[in-house]
Structure formats: structure tokens, C-alpha cells
>>> print(open('work_4.cif').read())   # mmCIF, C-alpha atoms
data_protein
#
loop_
_atom_site.group_PDB
_atom_site.id
_atom_site.type_symbol
_atom_site.label_atom_id
_atom_site.label_comp_id
_atom_site.auth_asym_id
_atom_site.auth_seq_id
_atom_site.Cartn_x
_atom_site.Cartn_y
_atom_site.Cartn_z
ATOM 1 C CA MET A 63 -11.473 -6.344 -17.739
ATOM 2 C CA ASP A 64 -11.064 -5.521 -21.430
ATOM 3 C CA LYS A 65 -14.517 -3.917 -21.658
ATOM 4 C CA TYR A 66 -13.337 -0.934 -19.554
ATOM 5 C CA ASN A 67 -10.559 1.620 -19.551
ATOM 6 C CA PHE A 68 -9.025 2.009 -16.082
ATOM 7 C CA VAL A 69 -7.509 5.106 -14.462
ATOM 8 C CA LEU A 70 -5.739 4.533 -11.144
ATOM 9 C CA PHE A 71 -5.404 7.652 -8.986
ATOM 10 C CA LEU A 72 -2.653 6.593 -6.595
ATOM 11 C CA GLU A 73 -1.093 8.264 -3.575
ATOM 12 C CA GLY A 74 2.185 9.496 -5.072
ATOM 13 C CA PHE A 75 3.903 9.773 -1.677
ATOM 14 C CA PHE A 76 4.106 5.982 -1.543
ATOM 15 C CA GLU A 77 6.813 5.010 -4.004
ATOM 16 C CA PHE A 78 5.710 1.372 -4.055
ATOM 17 C CA ASN A 79 2.603 2.411 -6.010
ATOM 18 C CA ARG A 80 4.801 3.300 -8.965
ATOM 19 C CA VAL A 81 6.557 -0.077 -8.699
ATOM 20 C CA ILE A 82 3.504 -2.269 -8.195
ATOM 21 C CA TYR A 83 1.442 -0.876 -11.074
ATOM 22 C CA ALA A 84 4.253 -0.334 -13.595
ATOM 23 C CA GLU A 85 3.605 -3.485 -15.634
ATOM 24 C CA VAL A 86 -0.200 -3.404 -15.669
ATOM 25 C CA CYS A 87 -0.092 0.219 -16.848
ATOM 26 C CA LYS A 88 1.605 -0.948 -20.041
ATOM 27 C CA ARG A 89 -1.744 -2.376 -21.092
ATOM 28 C CA PRO A 90 -3.567 -0.133 -23.623
ATOM 29 C CA ASN A 91 -6.606 0.235 -21.327
ATOM 30 C CA VAL A 92 -4.825 1.039 -18.026
ATOM 31 C CA LYS A 93 -3.041 4.164 -16.816
ATOM 32 C CA SER A 94 -2.027 5.579 -13.444
ATOM 33 C CA VAL A 95 -1.938 9.119 -12.065
ATOM 34 C CA LEU A 96 0.518 9.537 -9.179
ATOM 35 C CA SER A 97 0.653 13.301 -9.075
ATOM 36 C CA PHE A 98 -1.650 16.158 -9.960
ATOM 37 C CA TYR A 99 1.217 18.650 -10.090
ATOM 38 C CA PRO A 100 1.731 20.411 -13.458
ATOM 39 C CA LYS A 101 5.104 19.906 -15.153
ATOM 40 C CA ASN A 102 5.536 23.606 -15.862
ATOM 41 C CA LYS A 103 7.447 25.199 -12.942
ATOM 42 C CA LEU A 104 5.335 28.343 -12.759
ATOM 43 C CA LEU A 105 2.072 26.411 -12.924
ATOM 44 C CA ARG A 106 3.423 24.029 -10.288
ATOM 45 C CA ILE A 107 4.029 26.929 -7.905
ATOM 46 C CA LEU A 108 0.527 28.285 -8.510
ATOM 47 C CA TYR A 109 -0.953 24.836 -7.953
ATOM 48 C CA GLN A 110 0.941 24.353 -4.695
ATOM 49 C CA LEU A 111 -0.122 27.761 -3.412
ATOM 50 C CA GLN A 112 -3.778 27.111 -4.221
ATOM 51 C CA HIS A 113 -3.717 23.616 -2.680
ATOM 52 C CA SER A 114 -1.652 24.445 0.405
ATOM 53 C CA LYS A 115 -2.826 22.267 3.313
ATOM 54 C CA THR A 116 -1.971 24.977 5.832
ATOM 55 C CA THR A 117 -3.829 27.762 4.046
ATOM 56 C CA ASN A 118 -6.855 25.634 3.189
ATOM 57 C CA LYS A 119 -7.124 24.562 6.814
ATOM 58 C CA TYR A 120 -8.201 28.108 7.686
ATOM 59 C CA PHE A 121 -9.555 29.337 4.339
ATOM 60 C CA ASN A 122 -10.863 27.236 1.476
ATOM 61 C CA ILE A 123 -9.174 28.728 -1.589
ATOM 62 C CA PRO A 124 -11.718 28.724 -4.460
ATOM 63 C CA PHE A 125 -11.452 27.738 -8.138
ATOM 64 C CA LYS A 126 -9.527 24.500 -7.667
ATOM 65 C CA SER A 127 -11.838 22.994 -10.258
ATOM 66 C CA LEU A 128 -9.951 24.973 -12.927
ATOM 67 C CA TRP A 129 -7.261 22.296 -12.691
ATOM 68 C CA PHE A 130 -9.548 19.303 -13.138
ATOM 69 C CA ASN A 131 -9.077 19.029 -16.905
ATOM 70 C CA SER A 132 -5.312 18.669 -16.384
ATOM 71 C CA TYR A 133 -5.479 15.713 -13.989
ATOM 72 C CA PHE A 134 -6.031 13.081 -16.646
ATOM 73 C CA LYS A 135 -6.214 12.894 -20.444
ATOM 74 C CA ASN A 136 -8.444 10.381 -22.209
ATOM 75 C CA ASP A 137 -5.882 9.195 -24.755
ATOM 76 C CA PHE A 138 -6.632 5.487 -24.468
ATOM 77 C CA ALA A 139 -6.255 3.310 -27.555
ATOM 78 C CA ASP A 140 -10.066 3.026 -27.537
ATOM 79 C CA PRO A 141 -11.324 6.248 -25.913
ATOM 80 C CA ASN A 142 -14.962 5.219 -26.342
ATOM 81 C CA LYS A 143 -14.849 2.458 -23.740
ATOM 82 C CA PRO A 144 -16.460 3.319 -20.387
ATOM 83 C CA ILE A 145 -13.866 4.434 -17.853
ATOM 84 C CA VAL A 146 -13.407 3.059 -14.334
ATOM 85 C CA PHE A 147 -11.751 5.639 -12.083
ATOM 86 C CA ILE A 148 -10.108 4.015 -9.043
ATOM 87 C CA PHE A 149 -9.009 6.248 -6.155
ATOM 88 C CA ASP A 150 -6.766 5.516 -3.211
ATOM 89 C CA ALA A 151 -9.053 6.315 -0.296
ATOM 90 C CA ARG A 152 -6.413 8.585 1.236
ATOM 91 C CA LEU A 153 -6.917 11.082 -1.586
ATOM 92 C CA LEU A 154 -10.580 11.517 -0.702
ATOM 93 C CA GLU A 155 -9.742 13.331 2.544
ATOM 94 C CA TYR A 156 -9.207 16.439 0.394
ATOM 95 C CA ASP A 157 -12.278 18.471 -0.476
ATOM 96 C CA TYR A 158 -11.091 19.235 -4.013
ATOM 97 C CA ILE A 159 -10.664 15.515 -4.801
ATOM 98 C CA ARG A 160 -14.198 14.823 -3.596
ATOM 99 C CA ASP A 161 -15.318 17.673 -5.878
ATOM 100 C CA TYR A 162 -13.284 16.088 -8.666
ATOM 101 C CA VAL A 163 -15.132 12.796 -8.201
ATOM 102 C CA VAL A 164 -18.443 14.639 -8.718
ATOM 103 C CA TRP A 165 -16.951 16.435 -11.732
ATOM 104 C CA LEU A 166 -15.854 13.123 -13.319
ATOM 105 C CA ARG A 167 -19.353 11.726 -12.958
ATOM 106 C CA LYS A 168 -20.780 14.724 -14.855
ATOM 107 C CA ASN A 169 -18.104 14.894 -17.547
ATOM 108 C CA TYR A 170 -17.574 11.188 -18.338
ATOM 109 C CA LEU A 171 -21.025 9.761 -18.886
ATOM 110 C CA GLY A 172 -21.247 6.085 -18.031
ATOM 111 C CA CYS A 173 -18.042 6.123 -15.987
ATOM 112 C CA LYS A 174 -17.668 4.068 -12.796
ATOM 113 C CA LEU A 175 -16.054 5.360 -9.596
ATOM 114 C CA VAL A 176 -14.245 3.103 -7.130
ATOM 115 C CA VAL A 177 -12.509 3.854 -3.815
ATOM 116 C CA ASN A 178 -9.854 1.439 -2.553
ATOM 117 C CA TYR A 179 -8.878 1.205 1.138
ATOM 118 C CA TRP A 180 -5.375 -0.259 1.523
ATOM 119 C CA ASP A 181 -5.224 0.514 5.267
ATOM 120 C CA ILE A 182 -7.766 0.006 8.044
ATOM 121 C CA VAL A 183 -10.633 2.515 8.063
ATOM 122 C CA ALA A 184 -9.725 3.718 11.563
ATOM 123 C CA THR A 185 -6.615 5.419 10.128
ATOM 124 C CA TRP A 186 -8.617 7.625 7.717
ATOM 125 C CA PRO A 187 -10.146 11.019 8.621
ATOM 126 C CA ASP A 188 -13.941 11.202 8.771
ATOM 127 C CA SER A 189 -14.110 12.875 5.357
ATOM 128 C CA ALA A 190 -12.625 9.760 3.717
ATOM 129 C CA LYS A 191 -14.466 7.092 5.702
ATOM 130 C CA PRO A 192 -16.877 4.777 3.814
ATOM 131 C CA ASP A 193 -20.117 6.321 5.104
ATOM 132 C CA ALA A 194 -18.989 9.754 3.894
ATOM 133 C CA LEU A 195 -18.242 8.491 0.374
ATOM 134 C CA ARG A 196 -20.825 5.788 -0.225
ATOM 135 C CA GLY A 197 -23.287 7.996 -2.092
ATOM 136 C CA MET A 198 -20.585 9.476 -4.333
ATOM 137 C CA VAL A 199 -19.120 6.300 -5.834
ATOM 138 C CA ASP A 200 -20.163 2.948 -7.283
ATOM 139 C CA MET A 201 -17.895 0.655 -5.303
ATOM 140 C CA LEU A 202 -15.937 0.676 -2.032
ATOM 141 C CA VAL A 203 -13.174 -1.926 -1.660
ATOM 142 C CA SER A 204 -11.115 -2.845 1.412
ATOM 143 C CA TYR A 205 -8.040 -5.033 1.821
ATOM 144 C CA ASP A 206 -9.209 -5.864 5.372
ATOM 145 C CA ARG A 207 -11.901 -8.534 5.629
ATOM 146 C CA ASP A 208 -13.268 -7.257 8.952
ATOM 147 C CA ASP A 209 -13.536 -3.690 7.635
ATOM 148 C CA ALA A 210 -15.241 -4.969 4.497
ATOM 149 C CA GLU A 211 -17.905 -6.696 6.593
ATOM 150 C CA LYS A 212 -18.248 -3.873 9.122
ATOM 151 C CA TYR A 213 -18.677 -1.109 6.533
ATOM 152 C CA ASN A 214 -20.446 -3.158 3.840
ATOM 153 C CA MET A 215 -17.591 -2.943 1.330
ATOM 154 C CA TYR A 216 -16.179 -5.355 -1.212
ATOM 155 C CA TYR A 217 -13.142 -7.318 -0.072
ATOM 156 C CA HIS A 218 -10.038 -7.773 -2.173
ATOM 157 C CA PRO A 219 -6.507 -8.277 -0.850
ATOM 158 C CA THR A 220 -3.769 -5.822 -1.684
ATOM 159 C CA VAL A 221 -1.906 -6.477 -4.942
ATOM 160 C CA TYR A 222 1.768 -6.616 -5.764
ATOM 161 C CA ALA A 223 4.206 -7.026 -8.651
ATOM 162 C CA GLU A 224 7.941 -7.608 -8.716
ATOM 163 C CA ALA A 225 10.151 -4.514 -8.746
ATOM 164 C CA LYS A 226 12.729 -3.863 -11.428
ATOM 165 C CA ILE A 227 15.877 -2.802 -9.553
ATOM 166 C CA THR A 228 18.097 -0.334 -11.411
ATOM 167 C CA LYS A 229 20.623 0.584 -8.693
ATOM 168 C CA PRO A 230 23.713 -1.488 -7.727
ATOM 169 C CA ASN A 231 22.529 -4.198 -5.363
ATOM 170 C CA ASN A 232 25.208 -4.650 -2.681
ATOM 171 C CA THR A 233 22.875 -4.903 0.326
ATOM 172 C CA PRO A 234 24.210 -7.117 3.158
ATOM 173 C CA GLU A 235 22.599 -10.489 3.832
ATOM 174 C CA THR A 236 20.319 -10.805 6.876
ATOM 175 C CA ASP A 237 18.177 -13.469 8.498
ATOM 176 C CA VAL A 238 15.208 -11.200 9.325
ATOM 177 C CA PHE A 239 14.210 -7.821 7.893
ATOM 178 C CA PHE A 240 11.525 -5.464 9.178
ATOM 179 C CA VAL A 241 10.469 -2.093 7.777
ATOM 180 C CA GLY A 242 7.579 0.074 8.919
ATOM 181 C CA GLY A 243 6.277 2.894 11.050
ATOM 182 C CA ALA A 244 6.248 2.528 14.826
ATOM 183 C CA LYS A 245 2.497 3.300 14.985
ATOM 184 C CA ASN A 246 0.919 1.503 17.974
ATOM 185 C CA ARG A 247 3.135 -1.585 17.833
ATOM 186 C CA MET A 248 6.591 -0.466 18.978
ATOM 187 C CA LYS A 249 6.559 -2.506 22.193
ATOM 188 C CA THR A 250 5.867 -5.670 20.187
ATOM 189 C CA ILE A 251 8.543 -4.758 17.627
ATOM 190 C CA LEU A 252 11.177 -4.441 20.367
ATOM 191 C CA GLU A 253 10.135 -7.647 22.092
ATOM 192 C CA THR A 254 10.263 -9.570 18.815
ATOM 193 C CA TYR A 255 13.675 -8.133 17.941
ATOM 194 C CA ASP A 256 15.071 -9.199 21.325
ATOM 195 C CA ARG A 257 13.766 -12.764 20.866
ATOM 196 C CA LEU A 258 15.270 -12.959 17.377
ATOM 197 C CA GLU A 259 18.664 -11.679 18.497
ATOM 198 C CA LYS A 260 18.686 -14.008 21.513
ATOM 199 C CA ALA A 261 18.098 -16.898 19.071
ATOM 200 C CA GLY A 262 21.264 -15.876 17.229
ATOM 201 C CA LEU A 263 19.554 -14.430 14.142
ATOM 202 C CA ASN A 264 21.033 -11.517 12.222
ATOM 203 C CA CYS A 265 18.351 -8.804 12.031
ATOM 204 C CA PHE A 266 17.928 -5.409 10.443
ATOM 205 C CA PHE A 267 14.901 -3.301 11.442
ATOM 206 C CA TYR A 268 14.105 0.029 9.790
ATOM 207 C CA VAL A 269 11.572 1.875 11.968
ATOM 208 C CA MET A 270 10.013 5.291 11.363
ATOM 209 C CA ASP A 271 8.804 7.770 13.993
ATOM 210 C CA ALA A 272 9.460 5.742 17.147
ATOM 211 C CA LYS A 273 8.882 7.865 20.249
ATOM 212 C CA PRO A 274 10.266 7.589 23.801
ATOM 213 C CA PRO A 275 10.330 5.299 25.679
ATOM 214 C CA TYR A 276 10.236 2.871 22.734
ATOM 215 C CA ASN A 277 13.063 4.220 20.561
ATOM 216 C CA GLN A 278 15.510 2.061 22.507
ATOM 217 C CA GLU A 279 18.935 1.455 21.048
ATOM 218 C CA ARG A 280 19.516 -1.945 19.469
ATOM 219 C CA ARG A 281 22.420 -3.078 17.316
ATOM 220 C CA GLY A 282 20.153 -4.024 14.418
ATOM 221 C CA ILE A 283 17.538 -1.265 14.581
ATOM 222 C CA ARG A 284 17.756 1.993 12.685
ATOM 223 C CA TYR A 285 15.341 4.720 13.767
ATOM 224 C CA VAL A 286 14.405 7.292 11.140
ATOM 225 C CA THR A 287 11.912 10.041 10.407
ATOM 226 C CA GLU A 288 9.836 10.606 7.280
ATOM 227 C CA LYS A 289 12.639 12.809 5.880
ATOM 228 C CA THR A 290 15.200 9.999 6.084
ATOM 229 C CA TRP A 291 12.841 7.195 5.080
ATOM 230 C CA LEU A 292 14.082 4.274 3.014
ATOM 231 C CA SER A 293 13.265 4.477 -0.693
ATOM 232 C CA TYR A 294 11.100 1.603 -1.859
ATOM 233 C CA GLU A 295 13.764 0.385 -4.264
ATOM 234 C CA GLU A 296 16.175 0.163 -1.318
ATOM 235 C CA CYS A 297 13.494 -1.639 0.687
ATOM 236 C CA VAL A 298 13.186 -4.259 -2.053
ATOM 237 C CA GLN A 299 16.956 -4.739 -2.015
ATOM 238 C CA TYR A 300 16.813 -5.566 1.693
ATOM 239 C CA VAL A 301 13.929 -7.960 1.010
ATOM 240 C CA GLN A 302 15.919 -9.697 -1.709
ATOM 241 C CA HIS A 303 18.858 -10.173 0.680
ATOM 242 C CA THR A 304 17.031 -11.622 3.671
ATOM 243 C CA LYS A 305 15.729 -15.074 4.552
ATOM 244 C CA CYS A 306 12.656 -13.822 6.354
ATOM 245 C CA ILE A 307 10.389 -10.761 6.384
ATOM 246 C CA LEU A 308 8.869 -9.796 9.720
ATOM 247 C CA GLU A 309 5.278 -8.552 9.849
ATOM 248 C CA ILE A 310 4.014 -6.948 13.072
ATOM 249 C CA MET A 311 0.409 -5.869 12.743
ATOM 250 C CA GLN A 312 -0.894 -2.536 13.950
ATOM 251 C CA GLN A 313 -3.664 -2.925 16.498
ATOM 252 C CA GLY A 314 -7.032 -3.666 14.918
ATOM 253 C CA ALA A 315 -5.693 -4.789 11.505
ATOM 254 C CA LYS A 316 -6.229 -8.330 10.213
ATOM 255 C CA GLY A 317 -5.892 -8.301 6.421
ATOM 256 C CA GLU A 318 -2.867 -9.244 4.358
ATOM 257 C CA THR A 319 -0.293 -6.448 4.201
ATOM 258 C CA LEU A 320 2.456 -5.372 1.828
ATOM 259 C CA ARG A 321 4.885 -7.575 3.800
ATOM 260 C CA VAL A 322 2.874 -10.664 2.813
ATOM 261 C CA TRP A 323 3.090 -9.806 -0.886
ATOM 262 C CA GLU A 324 6.824 -9.086 -0.682
ATOM 263 C CA ALA A 325 7.432 -12.466 0.957
ATOM 264 C CA ILE A 326 5.343 -14.242 -1.697
ATOM 265 C CA THR A 327 6.879 -12.392 -4.643
ATOM 266 C CA TYR A 328 10.504 -12.863 -3.610
ATOM 267 C CA GLY A 329 10.138 -16.359 -2.161
ATOM 268 C CA LYS A 330 10.928 -15.390 1.448
ATOM 269 C CA MET A 331 9.626 -16.734 4.730
ATOM 270 C CA LEU A 332 7.063 -14.561 6.494
ATOM 271 C CA LEU A 333 7.258 -14.283 10.292
ATOM 272 C CA THR A 334 3.967 -12.775 11.437
ATOM 273 C CA ASN A 335 1.788 -12.164 14.482
ATOM 274 C CA ASN A 336 -1.304 -11.868 12.273
ATOM 275 C CA SER A 337 -3.475 -14.787 13.452
ATOM 276 C CA PHE A 338 -5.747 -14.182 10.432
ATOM 277 C CA MET A 339 -3.057 -15.596 8.126
ATOM 278 C CA THR A 340 -3.884 -19.196 9.023
ATOM 279 C CA ARG A 341 -7.354 -18.574 7.515
ATOM 280 C CA SER A 342 -6.087 -16.640 4.500
ATOM 281 C CA ARG A 343 -6.261 -18.202 1.058
ATOM 282 C CA PHE A 344 -2.575 -17.247 0.759
ATOM 283 C CA TYR A 345 -1.510 -19.325 3.749
ATOM 284 C CA ASP A 346 1.154 -21.939 3.117
ATOM 285 C CA PRO A 347 2.939 -23.332 6.195
ATOM 286 C CA ASP A 348 6.072 -23.948 4.114
ATOM 287 C CA TYR A 349 6.482 -20.167 3.771
ATOM 288 C CA ILE A 350 4.879 -18.763 6.934
ATOM 289 C CA CYS A 351 6.031 -18.914 10.548
ATOM 290 C CA MET A 352 3.454 -17.767 13.092
ATOM 291 C CA ILE A 353 4.167 -15.771 16.236
ATOM 292 C CA SER A 354 2.002 -16.947 19.128
ATOM 293 C CA GLU A 355 -0.023 -14.641 21.360
ATOM 294 C CA ASN A 356 2.767 -14.697 23.948
ATOM 295 C CA GLY A 357 5.354 -13.768 21.306
ATOM 296 C CA GLU A 358 6.976 -17.164 20.753
ATOM 297 C CA PHE A 359 7.989 -18.619 17.377
ATOM 298 C CA ASP A 360 10.206 -21.329 15.877
ATOM 299 C CA ALA A 361 13.529 -19.580 15.251
ATOM 300 C CA GLN A 362 15.090 -22.741 13.855
ATOM 301 C CA ARG A 363 12.709 -22.649 10.887
ATOM 302 C CA ILE A 364 14.117 -19.247 9.948
ATOM 303 C CA LYS A 365 17.705 -20.476 10.287
ATOM 304 C CA ASP A 366 17.005 -23.474 8.051
ATOM 305 C CA TYR A 367 14.926 -21.634 5.428
ATOM 306 C CA VAL A 368 16.184 -21.349 1.857
ATOM 307 C CA SER A 369 14.467 -18.857 -0.492
ATOM 308 C CA LYS A 370 12.327 -20.564 -3.142
ATOM 309 C CA PRO A 371 9.528 -19.626 -5.598
ATOM 310 C CA ASN A 372 6.115 -19.206 -3.979
ATOM 311 C CA PRO A 373 3.172 -20.659 -5.962
ATOM 312 C CA PHE A 374 0.930 -17.714 -4.995
ATOM 313 C CA LYS A 375 3.091 -15.168 -6.832
ATOM 314 C CA ASP A 376 0.885 -14.980 -9.937
ATOM 315 C CA LYS A 377 -2.314 -14.776 -7.842
ATOM 316 C CA ILE A 378 -1.573 -11.322 -6.403
ATOM 317 C CA LEU A 379 -0.873 -9.349 -9.580
ATOM 318 C CA PRO A 380 -2.719 -6.035 -10.149
ATOM 319 C CA GLU A 381 -4.527 -7.500 -13.174
ATOM 320 C CA ASN A 382 -6.505 -9.679 -10.762
ATOM 321 C CA PHE A 383 -7.697 -6.599 -8.853
ATOM 322 C CA LEU A 384 -8.882 -4.864 -12.033
ATOM 323 C CA LYS A 385 -10.640 -8.033 -13.173
ATOM 324 C CA TYR A 386 -12.365 -8.288 -9.778
ATOM 325 C CA ILE A 387 -13.622 -4.716 -10.076
ATOM 326 C CA ALA A 388 -14.815 -5.235 -13.650
ATOM 327 C CA ASP A 389 -16.679 -8.411 -12.630
ATOM 328 C CA ASN A 390 -18.439 -6.735 -9.701
ATOM 329 C CA LEU A 391 -19.452 -3.342 -11.110
#
>>> encode(input="work_4.cif", output="C-alpha cells")
Amino acid sequence: MDKYNFVLFLEGFFEFNRVIYAEVCKRPNVKSVLSFYPKNKLLRILYQLQHSKTTNKYFNIPFKSLWFNSYFKNDFADPNKPIVFIFDARLLEYDYIRDYVVWLRKNYLGCKLVVNYWDIVATWPDSAKPDALRGMVDMLVSYDRDDAEKYNMYYHPTVYAEAKITKPNNTPETDVFFVGGAKNRMKTILETYDRLEKAGLNCFFYVMDAKPPYNQERRGIRYVTEKTWLSYEECVQYVQHTKCILEIMQQGAKGETLRVWEAITYGKMLLTNNSFMTRSRFYDPDYICMISENGEFDAQRIKDYVSKPNPFKDKILPENFLKYIADNL
């Protein structure tokens, strides 16, 4: 990976991006861009007005390309190396980012352009789906093996790195922790919670945007909206203070998720209904408890589990993702 400079354009809304890539971005040939907003307050207001989602939905405000030079500065230790620009696929739903991709190709001769899908393709708008982007970039990568095969993309699992917690860490201990959006899995989330509680396990679930009739009151479930969402640093604190992380897959997804990497990194048990995990190269029965198709699992394993280092921890670092891209371009 040393033959390239890497620029990671990450979705700034997701705080975990800042955490995961913090260490790798200390390398002299790697940097991340989590926001295109100018630092100057006046320029920030102008930028927000020009890029307003509401306004652009009805009228495409011109001259967004005037901002392109401000998105990234080539101040690498060796600025003559070819640059690999890696985009979160979610960013490509915006017309000005797709224009920016074309602009980069023209202004950085020899550069390589990569799009990374960290969620299943079905969740992306048509403008950001693989077939819409294939001719614009050099490489499409998916974390989901089925999507990679279906859309003729490269496959690489999501990456993760340990968070550096700066806030006081007085989070209560739990047996099982779940965090995530309700999406299309709320019925399964509730059923799993009820089984865990019946088994005498102490659970805390943090669920966003659950809708009736599934936002049912439970002692250990907190329902929130996007405005009251848990910060990622707080999420990590809950992970550090639990025995087991629960993973409930959204319908149609099969790849390893962020929950898998958190369990590996912090030495926790993973309780999952993802049948793919038994075929994953990251499967270790000492650390993973499977939920059967009818929702059953071995609760005693969770009760008896003691947190311990997972040997896969060093295999999921972001450096491995960048090396994979460099080897396959």
C-alpha cells in the first residue's frame, strides 16, 4: 500500500468513521475527509444554502464545482505518488459528488477511484447503485458477499479499530447489549429480547425509529429517534461493559457487520442470527453463539462467558482494507 497515497471520503454523519480510521490516518500516505463544510462561518452558510437537499430536490443549484478545490488538499509527504480516492457509496447519491468524481479524474492524472459499500445495495438510491457508477470508477467494493457476486464487485469485509475513550466510563454492566435501527427487524428484536429476559439475562437495547405496533415497552429497551441517538463513544462504553453483543440482521443482509468487529475487538461474545457467520473466515465458536431459525440459542453460554482477547482482532484493521485495494487495482 506504500506505492499510493489514499484519501478516504467518509460519511461524516456516522461518528464511528472518525474512530475506526483515526490510527491509519496517522500514516503519511493516508488521510480522511469527513466533511466538505468550510470552517469559515460565512462560507459554511453559503455552502449549506447551495447544497440544500430540499432546494436541490426541485431546482439544481449550479456552480457547486466552485467548491471542489476546497474538498481536499494534496499535502502528502510525497505528493507525487498516485492517489487512490475511496468514497463511501452513500455519498454518491448526490449529483455534485458524482460530478466531483469526474473532476478528480481530470485533475489528478493517474488517480484511482474506488467506491465502498458498507451496507446492502438495496438500501442505496438508484443513483448510487453499482450499475450507475461502474463506468465512473476503477473499483467497486462490497462488505456483503452476496452483493459482491450479484453486482460483480470486489468483496472485502468491513474494517474496525479500537476506540480511544476520553469520557468518564461509568456505564453499568450488562449481559447482552444491542444497538441499531429498527429497520425491518423489529419483530425479531422484540422476540429475542423476551427470550433473553426469560432466561434471566440483564439486557440493554438501544433502538432507533421503532414504529407502532413494534415500539412495545420493555424494561431494558430504550426507544430513540435520530435526534437522541447514542454517540459512538457512548456505544463503545456499553460494548466494553457487556458480556455479549447481539446482532440481528436486516432482511437480505448476510455479510459481517459492525457488531461483529466490536465483539472481536473488545473480546465479547457475539449472539447472532446471521447464518452466514458459520462460513465466515472470522467464525470462532468460542466467541460466537448462533440463534437458530426458530429463534432459540444457548443462554447458558452467555451467562458463563468471560471477556477475553480475540485472535482475529489484528485481521480487521483498516490497513488490511487499503492493502487489499492497492493489490487489486
>>> resolve_selection(input="work_4.cif", expression="the PyMOL selection byres ((chain A and resi 305) around 12)", output="PyMOL selection string")
chain A and resi 234-240+263-266+300-304+306-308+324-325+328-333+349-350+361+363-370
>>> residues_around(input="work_4.cif", residues="A:Val95", least_positions_apart="2", cutoff="9 Å", atoms="all atoms listed in the file", output="PyMOL selection string")
chain A and resi 69-74+93+97-98+133-134
>>> atom_distance(input="work_4.cif", atom1="atom CA of A:His218", atom2="atom CA of A:Asp389")
12.4 Å
>>> resolve_selection(input="work_4.cif", expression="the PyMOL selection byres ((chain A and resi 269-284) around 12)", output="ChimeraX atom specification")
/A:236-256,258-259,263-268,285-292,297,310
>>> atom_distance(input="work_4.cif", atom1="atom CA of A:Arg80", atom2="atom CA of A:Gly172")
27.7 Å
>>> build_atoms(input="work_4.cif", residues="stretch 183-195 of chain A", atoms="N, CA and C atoms", output="CSV table (one decimal), keeping the file's coordinate frame")
chain,number,residue,atom,x,y,z
A,183,VAL,N,-9.8,1.3,8.1
A,183,VAL,CA,-10.6,2.5,8.1
A,183,VAL,C,-10.3,3.5,9.2
A,184,ALA,N,-10.0,2.9,10.4
A,184,ALA,CA,-9.7,3.7,11.6
A,184,ALA,C,-8.6,4.7,11.3
A,185,THR,N,-7.7,4.5,10.4
A,185,THR,CA,-6.6,5.4,10.1
A,185,THR,C,-7.0,6.6,9.2
A,186,TRP,N,-8.2,6.6,8.6
A,186,TRP,CA,-8.6,7.6,7.7
A,186,TRP,C,-9.4,8.7,8.5
A,187,PRO,N,-9.3,10.0,8.0
A,187,PRO,CA,-10.1,11.0,8.6
A,187,PRO,C,-11.6,10.8,8.3
A,188,ASP,N,-12.5,11.4,9.0
A,188,ASP,CA,-13.9,11.2,8.8
A,188,ASP,C,-14.4,11.5,7.3
A,189,SER,N,-13.7,12.5,6.7
A,189,SER,CA,-14.1,12.9,5.4
A,189,SER,C,-13.8,11.8,4.3
A,190,ALA,N,-13.0,10.8,4.7
A,190,ALA,CA,-12.6,9.8,3.7
A,190,ALA,C,-13.1,8.4,4.2
A,191,LYS,N,-13.9,8.4,5.2
A,191,LYS,CA,-14.5,7.1,5.7
A,191,LYS,C,-15.6,6.6,4.8
A,192,PRO,N,-15.9,5.3,4.8
A,192,PRO,CA,-16.9,4.8,3.8
A,192,PRO,C,-18.2,5.5,3.8
A,193,ASP,N,-18.8,5.7,5.0
A,193,ASP,CA,-20.1,6.3,5.1
A,193,ASP,C,-20.2,7.7,4.5
A,194,ALA,N,-19.0,8.4,4.5
A,194,ALA,CA,-19.0,9.8,3.9
A,194,ALA,C,-18.9,9.7,2.4
A,195,LEU,N,-18.5,8.6,1.8
A,195,LEU,CA,-18.2,8.5,0.4
A,195,LEU,C,-19.2,7.6,-0.4
